[in-house]
$ cat work03.tsv   # TSV, C-alpha atoms
chain	number	residue	atom	x	y	z
A	1	MET	CA	26.37	-40.42	45.52
A	2	VAL	CA	27.61	-40.28	49.12
A	3	LEU	CA	26.92	-43.98	49.68
A	4	SER	CA	28.82	-44.87	46.49
A	5	LEU	CA	31.75	-42.82	47.73
A	6	ILE	CA	31.70	-44.52	51.13
A	7	ILE	CA	31.63	-47.98	49.51
A	8	ALA	CA	34.47	-47.07	47.12
A	9	ILE	CA	36.60	-45.75	49.99
A	10	SER	CA	35.98	-48.84	52.13
A	11	VAL	CA	36.93	-51.13	49.23
A	12	LEU	CA	40.12	-49.16	48.60
A	13	VAL	CA	41.04	-49.15	52.29
A	14	SER	CA	40.49	-52.92	52.53
A	15	ILE	CA	42.70	-53.50	49.47
A	16	VAL	CA	45.47	-51.28	50.87
A	17	PHE	CA	45.40	-52.98	54.29
A	18	ALA	CA	45.35	-56.44	52.66
A	19	MET	CA	48.37	-55.52	50.54
A	20	VAL	CA	50.26	-54.04	53.52
A	21	ASN	CA	49.57	-57.10	55.68
A	22	GLY	CA	50.19	-59.60	52.87
A	23	ASN	CA	46.60	-60.88	52.95
A	24	LEU	CA	45.51	-59.94	49.44
A	25	GLN	CA	44.83	-63.57	48.55
A	26	SER	CA	42.58	-63.93	51.64
A	27	LEU	CA	40.71	-60.77	50.65
A	28	VAL	CA	40.02	-62.07	47.14
A	29	ALA	CA	38.88	-65.43	48.58
A	30	ALA	CA	36.53	-63.65	51.00
A	31	TRP	CA	35.09	-61.52	48.16
A	32	THR	CA	34.46	-64.61	46.05
A	33	GLN	CA	32.85	-66.50	48.93
A	34	GLY	CA	30.72	-63.49	49.89
A	35	ALA	CA	29.52	-63.04	46.32
A	36	GLY	CA	28.51	-66.71	46.11
A	37	GLU	CA	26.64	-66.52	49.41
A	38	ALA	CA	24.88	-63.33	48.30
A	39	VAL	CA	23.63	-65.05	45.15
A	40	SER	CA	22.38	-68.05	47.16
A	41	LEU	CA	20.59	-65.76	49.60
A	42	CYS	CA	18.95	-63.80	46.78
A	43	ILE	CA	17.69	-66.99	45.16
A	44	ALA	CA	16.29	-68.24	48.48
A	45	LEU	CA	14.51	-64.96	49.16
A	46	CYS	CA	13.27	-64.64	45.59
A	47	GLY	CA	11.07	-67.72	45.93
A	48	ILE	CA	9.57	-66.46	49.18
A	49	ILE	CA	8.88	-63.01	47.75
A	50	CYS	CA	7.28	-64.50	44.64
A	51	LEU	CA	5.07	-66.76	46.74
A	52	TRP	CA	3.79	-63.98	48.98
A	53	SER	CA	3.37	-61.55	46.09
A	54	ALA	CA	1.15	-64.17	44.47
A	55	VAL	CA	-0.80	-64.55	47.72
A	56	ILE	CA	-1.36	-60.79	47.85
A	57	GLU	CA	-2.54	-60.81	44.21
A	58	LEU	CA	-4.89	-63.74	44.92
A	59	MET	CA	-6.28	-61.81	47.87
A	60	ARG	CA	-7.00	-58.89	45.56
A	61	GLN	CA	-8.60	-60.98	42.80
A	62	SER	CA	-10.67	-63.12	45.17
A	63	GLY	CA	-12.16	-60.12	46.94
A	64	LEU	CA	-10.43	-60.93	50.22
A	65	ALA	CA	-8.49	-57.70	49.98
A	66	GLU	CA	-11.74	-55.75	49.84
A	67	LYS	CA	-13.06	-57.63	52.89
A	68	LEU	CA	-9.80	-56.94	54.68
A	69	SER	CA	-10.12	-53.32	53.66
A	70	LYS	CA	-13.53	-53.19	55.34
A	71	LEU	CA	-12.04	-54.79	58.46
A	72	LEU	CA	-9.14	-52.33	58.57
A	73	ARG	CA	-11.21	-49.31	57.45
A	74	PRO	CA	-12.07	-48.07	60.97
A	75	VAL	CA	-8.42	-47.95	62.00
A	76	LEU	CA	-6.99	-46.81	58.67
A	77	GLY	CA	-9.83	-44.32	58.23
A	78	ARG	CA	-8.87	-42.57	61.45
A	79	ILE	CA	-5.20	-42.48	60.46
A	80	PHE	CA	-5.83	-41.57	56.79
A	81	PRO	CA	-9.14	-39.61	56.68
A	82	THR	CA	-8.66	-38.27	53.14
A	83	ALA	CA	-7.71	-41.68	51.74
A	84	ALA	CA	-10.75	-43.23	53.46
A	85	LYS	CA	-12.99	-41.38	51.00
A	86	ASP	CA	-11.80	-43.53	48.08
A	87	ARG	CA	-12.44	-47.29	47.98
A	88	GLU	CA	-9.50	-48.09	45.66
A	89	THR	CA	-7.05	-46.15	47.83
A	90	MET	CA	-8.27	-47.90	50.98
A	91	GLU	CA	-7.93	-51.27	49.26
A	92	ALA	CA	-4.31	-50.48	48.31
A	93	LEU	CA	-3.62	-49.24	51.84
A	94	SER	CA	-5.15	-52.39	53.30
A	95	GLN	CA	-3.06	-54.62	51.04
A	96	ASN	CA	0.04	-52.70	52.01
A	97	VAL	CA	-0.69	-52.86	55.73
A	98	SER	CA	-1.64	-56.57	55.49
A	99	ALA	CA	1.60	-57.45	53.72
A	100	ASN	CA	3.57	-55.48	56.30
A	101	LEU	CA	1.74	-57.24	59.15
A	102	LEU	CA	2.83	-60.54	57.60
A	103	GLY	CA	6.42	-59.32	57.39
A	104	LEU	CA	6.39	-59.19	53.60
A	105	GLY	CA	8.07	-55.85	53.07
A	106	ASN	CA	8.99	-56.56	49.45
A	107	ALA	CA	5.52	-57.84	48.61
A	108	ALA	CA	4.04	-54.78	50.32
A	109	THR	CA	5.99	-52.39	48.10
A	110	PRO	CA	3.75	-52.56	44.98
A	111	ALA	CA	0.62	-51.96	47.07
A	112	GLY	CA	2.39	-49.16	48.93
A	113	ILE	CA	3.40	-47.50	45.68
A	114	ARG	CA	-0.14	-47.83	44.35
A	115	ALA	CA	-1.56	-46.40	47.58
A	116	ALA	CA	0.93	-43.52	47.51
A	117	THR	CA	0.06	-42.72	43.88
A	118	LEU	CA	-3.66	-42.76	44.62
A	119	MET	CA	-3.19	-40.66	47.76
A	120	GLN	CA	-1.19	-38.10	45.78
A	121	LYS	CA	-4.03	-37.85	43.23
A	122	LEU	CA	-6.59	-37.48	46.02
A	123	SER	CA	-4.67	-34.70	47.71
A	124	GLY	CA	-4.35	-32.69	44.50
A	125	GLN	CA	-1.11	-31.19	45.81
A	126	SER	CA	2.16	-30.99	43.94
A	127	HIS	CA	4.05	-31.97	47.10
A	128	ALA	CA	3.61	-34.84	49.53
A	129	SER	CA	0.57	-34.48	51.75
A	130	ASN	CA	0.71	-35.18	55.48
A	131	GLU	CA	-1.10	-38.47	54.94
A	132	LEU	CA	1.37	-39.53	52.27
A	133	CYS	CA	4.27	-38.72	54.60
A	134	LEU	CA	2.57	-40.77	57.32
A	135	LEU	CA	2.22	-43.70	54.91
A	136	VAL	CA	5.94	-43.56	54.17
A	137	VAL	CA	6.71	-43.47	57.91
A	138	MET	CA	4.43	-46.43	58.60
A	139	ASN	CA	5.95	-48.43	55.75
A	140	THR	CA	9.43	-47.67	56.95
A	141	ALA	CA	8.61	-48.70	60.52
A	142	SER	CA	6.47	-51.66	59.33
A	143	ILE	CA	4.58	-53.22	62.21
A	144	GLN	CA	4.79	-57.00	61.92
A	145	LEU	CA	2.76	-59.78	63.47
A	146	LEU	CA	4.42	-62.59	61.56
A	147	PRO	CA	7.90	-61.85	60.17
A	148	THR	CA	7.79	-64.43	57.36
A	149	THR	CA	10.73	-63.06	55.36
A	150	VAL	CA	13.02	-62.97	58.39
A	151	ALA	CA	11.86	-66.44	59.45
A	152	ALA	CA	12.52	-67.79	55.96
A	153	LEU	CA	15.95	-66.21	55.99
A	154	ARG	CA	16.69	-67.71	59.39
A	155	THR	CA	15.47	-71.12	58.18
A	156	SER	CA	17.70	-70.96	55.11
A	157	LEU	CA	20.64	-70.21	57.40
A	158	GLY	CA	19.91	-73.23	59.62
A	159	ALA	CA	17.83	-71.84	62.52
A	160	PHE	CA	15.91	-74.59	64.33
A	161	ALA	CA	13.23	-72.23	65.67
A	162	PRO	CA	12.96	-69.39	63.14
A	163	TYR	CA	9.94	-67.82	64.88
A	164	ASP	CA	11.49	-67.63	68.35
A	165	ILE	CA	12.10	-63.94	67.66
A	166	LEU	CA	8.37	-63.09	67.69
A	167	PRO	CA	8.24	-61.26	71.06
A	168	ALA	CA	11.20	-59.08	70.10
A	169	VAL	CA	9.70	-58.37	66.66
A	170	TRP	CA	6.33	-57.45	68.15
A	171	LEU	CA	7.87	-55.15	70.73
A	172	THR	CA	10.27	-53.36	68.38
A	173	SER	CA	7.82	-53.01	65.50
A	174	ALA	CA	5.06	-51.67	67.78
A	175	ALA	CA	7.51	-49.21	69.32
A	176	SER	CA	8.87	-48.06	65.95
A	177	VAL	CA	5.41	-47.58	64.40
A	178	SER	CA	4.16	-45.75	67.49
A	179	ALA	CA	7.19	-43.47	67.52
A	180	GLY	CA	6.87	-42.87	63.77
A	181	ILE	CA	3.17	-42.00	63.93
A	182	PHE	CA	3.76	-39.74	66.95
A	183	ALA	CA	6.62	-37.93	65.17
A	184	ALA	CA	4.63	-37.55	61.94
A	185	LYS	CA	1.61	-36.15	63.78
A	186	LEU	CA	3.85	-33.84	65.84
A	187	PHE	CA	5.57	-32.44	62.74
A	188	GLU	CA	2.17	-32.11	61.03
A	189	LYS	CA	0.95	-29.91	63.92
A	190	LEU	CA	4.18	-27.93	64.05
A	191	SER	CA	4.13	-27.24	60.31
A	192	SER	CA	0.47	-26.21	60.11
A	193	PRO	CA	-0.10	-22.43	60.25
$ encode --input "work03.tsv" --output "structure tokens"
Amino acid sequence: MVLSLIIAISVLVSIVFAMVNGNLQSLVAAWTQGAGEAVSLCIALCGIICLWSAVIELMRQSGLAEKLSKLLRPVLGRIFPTAAKDRETMEALSQNVSANLLGLGNAATPAGIRAATLMQKLSGQSHASNELCLLVVMNTASIQLLPTTVAALRTSLGAFAPYDILPAVWLTSAASVSAGIFAAKLFEKLSSP
């Protein structure tokens, strides 16, 4: 509701300023151009998201996701001890973490939703458990080793070296995940009786 109000106000303000300055025709041209570019960008990203979603599904059907789950189980088991008790939940968590490591945030979403649903069932609580909150924090921060979506976007916009951002991505994603996990664990301790 608030975001809709902010957008409506900004559109109205831009129309008023364009009318006052005599640039209404330029504003309409910019809107049309921006809409066309948005559609082109969505089409470019759609193919990439479909490709990586298919790769994630192939990983699941081929058993690679289960092997990856076993590989990630020691780390994820320490972070999510309740979820580690259920194989299906750990598989969904592993898929989600794997997709995030590959920079496939949109492809990670279905696995994240599945993991969150399974974690909610495991907790047996009517509200979000601490582990579920931690999963949301980790998904929001999203540590990435290979930012494929951003690289594809940069390629579609003409970047000659789309992966030259890797050191910055590694540093910022590691810092954001670390800060998120620290904050989640801190609030978990502060909220426990």
$ residues_around --input "work03.tsv" --residues "stretch 95-107 of chain A" --least-positions-apart "3" --cutoff "9 Å" --atoms "all atoms listed in the file" --output "VMD selection string"
chain A and resid 49 to 50 52 to 54 56 59 to 60 65 to 66 68 to 69 72 90 to 92 110 to 113 115 138 to 139 142 to 150
$ atom_distance --input "work03.tsv" --atom1 "atom CA of A:Phe17" --atom2 "atom CA of A:Cys42"
29.5 Å
$ closest_residue --input "work03.tsv" --among "A:Thr155, A:Ser176, A:Thr140, A:Ser129" --to "A:Leu45" --atoms "all atoms listed in the file"
A:Thr155
$ atom_distance --input "work03.tsv" --atom1 "atom CA of A:Ser4" --atom2 "atom CA of A:Glu37"
22.0 Å
$ closest_residue --input "work03.tsv" --among "A:Thr32, A:Ser94, A:Thr82, A:Ser156" --to "A:Lys121" --atoms "all atoms listed in the file"
A:Thr82
$ atom_distance --input "work03.tsv" --atom1 "atom CA of A:Ile181" --atom2 "atom CA of A:Val137"
7.1 Å
$ closest_residue --input "work03.tsv" --among "A:Ala141, A:Gly180, A:Pro81, A:Ala152" --to "A:Leu51" --atoms "all atoms listed in the file"
A:Ala152
$ closest_residue --input "work03.tsv" --among "A:Ile43, A:Ala151, A:Leu64, A:Val16" --to "A:Tyr163" --atoms "only C-alpha atoms"
A:Ala151
$ closest_residue --input "work03.tsv" --among "A:Glu131, A:Gln61, A:Thr117, A:Gln125" --to "A:Arg78" --atoms "only C-alpha atoms"
A:Glu131
$ closest_residue --input "work03.tsv" --among "A:Ala29, A:Ala83, A:Glu88, A:Leu93" --to "A:Met119" --atoms "only C-alpha atoms"
A:Ala83
$ decode --input "work03.tsv" --residues "stretch 82-121 of chain A" --atoms "C-alpha atoms" --output "CSV table (one decimal), in the first residue's frame"
chain,number,residue,atom,x,y,z
A,82,THR,CA,16.0,-29.3,13.2
A,83,ALA,CA,15.8,-29.4,9.4
A,84,ALA,CA,18.8,-31.8,9.2
A,85,LYS,CA,16.6,-34.5,10.7
A,86,ASP,CA,14.5,-34.7,7.5
A,87,ARG,CA,16.1,-35.8,4.2
A,88,GLU,CA,13.5,-34.0,2.0
A,89,THR,CA,13.9,-30.8,3.9
A,90,MET,CA,17.7,-31.0,3.6
A,91,GLU,CA,17.4,-31.7,-0.1
A,92,ALA,CA,15.3,-28.6,-0.6
A,93,LEU,CA,17.7,-26.5,1.5
A,94,SER,CA,20.6,-27.8,-0.6
A,95,GLN,CA,18.9,-27.0,-3.8
A,96,ASN,CA,18.1,-23.5,-2.6
A,97,VAL,CA,21.6,-22.9,-1.3
A,98,SER,CA,23.1,-24.3,-4.5
A,99,ALA,CA,21.0,-22.0,-6.7
A,100,ASN,CA,21.9,-19.0,-4.6
A,101,LEU,CA,25.6,-19.9,-4.8
A,102,LEU,CA,25.2,-19.9,-8.6
A,103,GLY,CA,23.5,-16.5,-8.4
A,104,LEU,CA,20.2,-17.9,-9.6
A,105,GLY,CA,17.9,-16.1,-7.1
A,106,ASN,CA,14.8,-16.6,-9.1
A,107,ALA,CA,15.5,-20.3,-9.7
A,108,ALA,CA,16.3,-20.7,-6.0
A,109,THR,CA,12.8,-19.4,-5.0
A,110,PRO,CA,10.8,-22.6,-5.6
A,111,ALA,CA,13.3,-24.7,-3.6
A,112,GLY,CA,13.3,-22.0,-0.9
A,113,ILE,CA,9.6,-22.0,-0.7
A,114,ARG,CA,9.6,-25.8,-0.5
A,115,ALA,CA,12.2,-25.8,2.2
A,116,ALA,CA,10.3,-23.2,4.2
A,117,THR,CA,7.1,-25.2,3.9
A,118,LEU,CA,8.8,-28.4,5.1
A,119,MET,CA,10.6,-26.5,7.9
A,120,GLN,CA,7.3,-25.1,9.1
A,121,LYS,CA,5.8,-28.6,9.2
